[in-house]
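Q: Please see the structure below; I have some questions.
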Amino acid sequence: MKKLLFLPILYLIVNCSGKNIDKTEQIKKYYEGFQNSDYDQIMGVVSDSLTITEGDYVMNFDRESYYEQFKWDSVFQPDYKLISVENLNGEFTAMVAVESLRFEFLKNNPLTCEHRFHFDSGKINKIENLDCKDANWQIWAQERDSLVNWIKKNTPNSMDL
């Protein structure tokens with residue numbers, strides 16, 4: 001009788017831990033896809049729709065619009081380093097450092113941020129950008145504003161796009 005109770009419990013433990021490993025691996029593959037400029041690898045672990053949040057700002061993507069985001073990111077030659085993935089009560093949080101020409105211009109290079117991942121039907125369907133511990137948002141804003149002002153001054157028609 002004890003053996004009959006033990007087997008279902010063992011089955012649940014193995015299955016639950018296996019799903020967590022799979023989710024951790026999906027997060028690793030997601031960032032490997034960016035590091036290797038492999039959009040197909042990224043799409044292998046992402047749902048048909050993906051939501052990315054940054055504070056109150058919400059960006060919803062389908063596969064086509066996310067490809068545009070991927071191409072835009074690639075222009076800045078990013079170098080992604082997955083520092084850690086933690087599972088706290090089924091919530092997966094990744095710490096990621098990214099170096100890029102964009103962050104270099106904004107004088108925040110590398111930018112190390114924490115992201116929370118959500119899953120639906122075994123695939124990533126939402127990423128919350130939580131905190132960038134080493135970011136200096138004041139310098140970021142100054143550099144962004146100087147670029148916007150330069151564009152307005154030197155290419156006035158480009159702001160009409």
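By convention here, the chains of the structure tokens are called A, B, ... in the order presented, each chain's residues are numbered starting at 1, and ligands are numbered starting at 1 in the order presented.
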Give me the residues within 10 Å of segment 69-79 of chain A as a ChimeraX atom specification, counting only C-alpha atoms and dropping any in the same chain fewer than 2 places off.
A: /A:31,34-39,42,61,63-67,81,97-104,110
Q: Applying 10 Å and only C-alpha atoms, which residues near Cys132 of chain A remain after dropping the ones on its own chain fewer than 4 positions away? List them as number ranges by chain.
A: A: 95-97, 111-115, 136-137
Q: Write the selection just made, keeping N, CA, C and O atoms, as a PDB file, in the first residue's frame?
A:
```
ATOM      1  N   MET A  95      18.461  37.479 -14.820  1.00  0.00           N
ATOM      2  CA  MET A  95      19.322  38.652 -14.767  1.00  0.00           C
ATOM      3  C   MET A  95      20.192  38.595 -16.023  1.00  0.00           C
ATOM      4  O   MET A  95      20.856  37.591 -16.287  1.00  0.00           O
ATOM      5  N   VAL A  96      20.153  39.680 -16.813  1.00  0.00           N
ATOM      6  CA  VAL A  96      20.815  39.699 -18.111  1.00  0.00           C
ATOM      7  C   VAL A  96      21.620  40.994 -18.251  1.00  0.00           C
ATOM      8  O   VAL A  96      21.124  42.073 -17.934  1.00  0.00           O
ATOM      9  N   ALA A  97      22.859  40.845 -18.736  1.00  0.00           N
ATOM     10  CA  ALA A  97      23.689  42.010 -19.050  1.00  0.00           C
ATOM     11  C   ALA A  97      23.762  42.123 -20.569  1.00  0.00           C
ATOM     12  O   ALA A  97      23.986  41.131 -21.259  1.00  0.00           O
ATOM     13  N   LEU A 111      24.223  47.297 -19.727  1.00  0.00           N
ATOM     14  CA  LEU A 111      22.994  47.512 -18.983  1.00  0.00           C
ATOM     15  C   LEU A 111      22.579  46.161 -18.424  1.00  0.00           C
ATOM     16  O   LEU A 111      22.379  45.205 -19.176  1.00  0.00           O
ATOM     17  N   THR A 112      22.511  46.052 -17.108  1.00  0.00           N
ATOM     18  CA  THR A 112      22.183  44.791 -16.456  1.00  0.00           C
ATOM     19  C   THR A 112      20.775  44.898 -15.878  1.00  0.00           C
ATOM     20  O   THR A 112      20.519  45.757 -15.028  1.00  0.00           O
ATOM     21  N   CYS A 113      19.882  44.038 -16.380  1.00  0.00           N
ATOM     22  CA  CYS A 113      18.468  44.147 -16.007  1.00  0.00           C
ATOM     23  C   CYS A 113      17.893  42.805 -15.578  1.00  0.00           C
ATOM     24  O   CYS A 113      18.387  41.742 -15.963  1.00  0.00           O
ATOM     25  N   GLU A 114      16.817  42.904 -14.837  1.00  0.00           N
ATOM     26  CA  GLU A 114      16.088  41.736 -14.351  1.00  0.00           C
ATOM     27  C   GLU A 114      14.763  41.645 -15.117  1.00  0.00           C
ATOM     28  O   GLU A 114      14.068  42.656 -15.277  1.00  0.00           O
ATOM     29  N   HIS A 115      14.438  40.438 -15.583  1.00  0.00           N
ATOM     30  CA  HIS A 115      13.227  40.212 -16.368  1.00  0.00           C
ATOM     31  C   HIS A 115      12.465  39.021 -15.790  1.00  0.00           C
ATOM     32  O   HIS A 115      13.066  37.985 -15.495  1.00  0.00           O
ATOM     33  N   ASN A 136      21.813  54.471 -15.061  1.00  0.00           N
ATOM     34  CA  ASN A 136      21.761  55.853 -14.620  1.00  0.00           C
ATOM     35  C   ASN A 136      20.765  56.539 -15.547  1.00  0.00           C
ATOM     36  O   ASN A 136      21.123  56.986 -16.636  1.00  0.00           O
ATOM     37  N   TRP A 137      19.497  56.591 -15.144  1.00  0.00           N
ATOM     38  CA  TRP A 137      18.430  57.087 -16.007  1.00  0.00           C
ATOM     39  C   TRP A 137      18.563  58.576 -16.292  1.00  0.00           C
ATOM     40  O   TRP A 137      18.096  59.064 -17.326  1.00  0.00           O
TER      41      TRP A 137
END
```
Q: Enter the distance from atom CA of Leu50 of chain A to atom CA of Ile127 of chain A, in Å, rounded to one decimal.
A: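 Going from atom CA of Leu50 of chain A over to atom CA of Ile127 of chain A, I get 7.8 Å.
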Q: Which of these, A:Asn108, A:Asn60, A:Gln138, A:Gln26, has the shortest distance to Gly122 of chain A once you count only C-alpha atoms?
A: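 Ranking A:Asn108, A:Asn60, A:Gln138, A:Gln26 by distance to Gly122 of chain A, first place goes to A:Gln26.
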Q: Smallest atom-to-atom distance to Thr24 of chain A: which of A:Leu106, A:Leu82, A:Ala135, A:Leu130, using only C-alpha atoms?
A: A:Leu82
Q: What residues in segment 82-124 of chain A get the DSSP label helix (DSSP H, G or I)? Please answer as a PyMOL selection string.
A: chain A and resi 101-105
Q: Rounded to one decimal place, report the atom CA of Ser49 of chain A-atom CA of Lys133 of chain A distance in Å.
A: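 About the pair atom CA of Ser49 of chain A and atom CA of Lys133 of chain A: they are 28.2 Å apart.
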Q: Where does DSSP see strand (DSSP E or B) in segment 35-131 of chain A, if you list the residues as a PyMOL selection string?
A: chain A and resi 46-54+57-62+79-88+91-99+111-120+123-131
Q: With only C-alpha atoms as the atoms that count, which of A:Phe119, A:Tyr57, A:Lys107, A:Glu91 lies nearest to Asp134 of chain A?
A: A:Lys107
Q: Please identify all polymer residues within 12 Å of Gly44 of chain A, counting only C-alpha atoms, omitting same-chain residues fewer than 3 positions from it, and present them as a ChimeraX atom specification.
A: /A:25-33,38-41,47-48,63,122-125
Q: With N, CA and C atoms kept, could you save the residues just selected as a tab-separated table (two decimals), in the first residue's frame?
A:
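This went into again35.tsv:
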```tsv
chain	number	residue	atom	x	y	z
A	25	GLU	N	15.52	26.29	-19.40
A	25	GLU	CA	16.17	26.06	-20.70
A	25	GLU	C	15.58	26.96	-21.78
A	26	GLN	N	14.28	27.19	-21.73
A	26	GLN	CA	13.65	28.07	-22.72
A	26	GLN	C	14.19	29.49	-22.60
A	27	ILE	N	14.35	29.94	-21.38
A	27	ILE	CA	14.90	31.29	-21.16
A	27	ILE	C	16.33	31.35	-21.69
A	28	LYS	N	17.11	30.31	-21.41
A	28	LYS	CA	18.49	30.27	-21.93
A	28	LYS	C	18.49	30.29	-23.45
A	29	LYS	N	17.61	29.51	-24.08
A	29	LYS	CA	17.55	29.47	-25.55
A	29	LYS	C	17.09	30.81	-26.12
A	30	TYR	N	16.19	31.48	-25.42
A	30	TYR	CA	15.72	32.80	-25.84
A	30	TYR	C	16.91	33.76	-25.98
A	31	TYR	N	17.74	33.83	-24.95
A	31	TYR	CA	18.89	34.75	-25.00
A	31	TYR	C	19.99	34.25	-25.91
A	32	GLU	N	20.17	32.95	-26.01
A	32	GLU	CA	21.13	32.41	-26.98
A	32	GLU	C	20.73	32.80	-28.40
A	33	GLY	N	19.43	32.81	-28.67
A	33	GLY	CA	18.94	33.23	-29.98
A	33	GLY	C	19.32	34.66	-30.29
A	38	ASP	N	19.78	34.47	-34.07
A	38	ASP	CA	18.99	33.35	-34.59
A	38	ASP	C	17.52	33.53	-34.21
A	39	TYR	N	16.78	34.22	-35.08
A	39	TYR	CA	15.38	34.50	-34.81
A	39	TYR	C	14.55	33.22	-34.69
A	40	ASP	N	14.87	32.22	-35.49
A	40	ASP	CA	14.13	30.95	-35.42
A	40	ASP	C	14.28	30.28	-34.05
A	41	GLN	N	15.46	30.39	-33.46
A	41	GLN	CA	15.67	29.82	-32.13
A	41	GLN	C	14.78	30.55	-31.11
A	47	SER	N	5.64	32.12	-27.66
A	47	SER	CA	4.28	31.91	-28.17
A	47	SER	C	4.05	32.71	-29.44
A	48	ASP	N	2.93	32.46	-30.09
A	48	ASP	CA	2.58	33.22	-31.30
A	48	ASP	C	2.38	34.70	-31.01
A	63	ARG	N	4.26	37.37	-34.36
A	63	ARG	CA	5.57	36.92	-34.87
A	63	ARG	C	6.20	37.93	-35.83
A	122	GLY	N	3.44	26.11	-22.34
A	122	GLY	CA	4.83	25.71	-22.42
A	122	GLY	C	5.75	26.65	-23.16
A	123	LYS	N	5.26	27.85	-23.55
A	123	LYS	CA	6.10	28.81	-24.28
A	123	LYS	C	6.04	30.17	-23.59
A	124	ILE	N	7.09	30.97	-23.81
A	124	ILE	CA	7.15	32.31	-23.24
A	124	ILE	C	6.09	33.17	-23.91
A	125	ASN	N	5.20	33.78	-23.09
A	125	ASN	CA	4.18	34.64	-23.66
A	125	ASN	C	4.19	36.07	-23.10
```
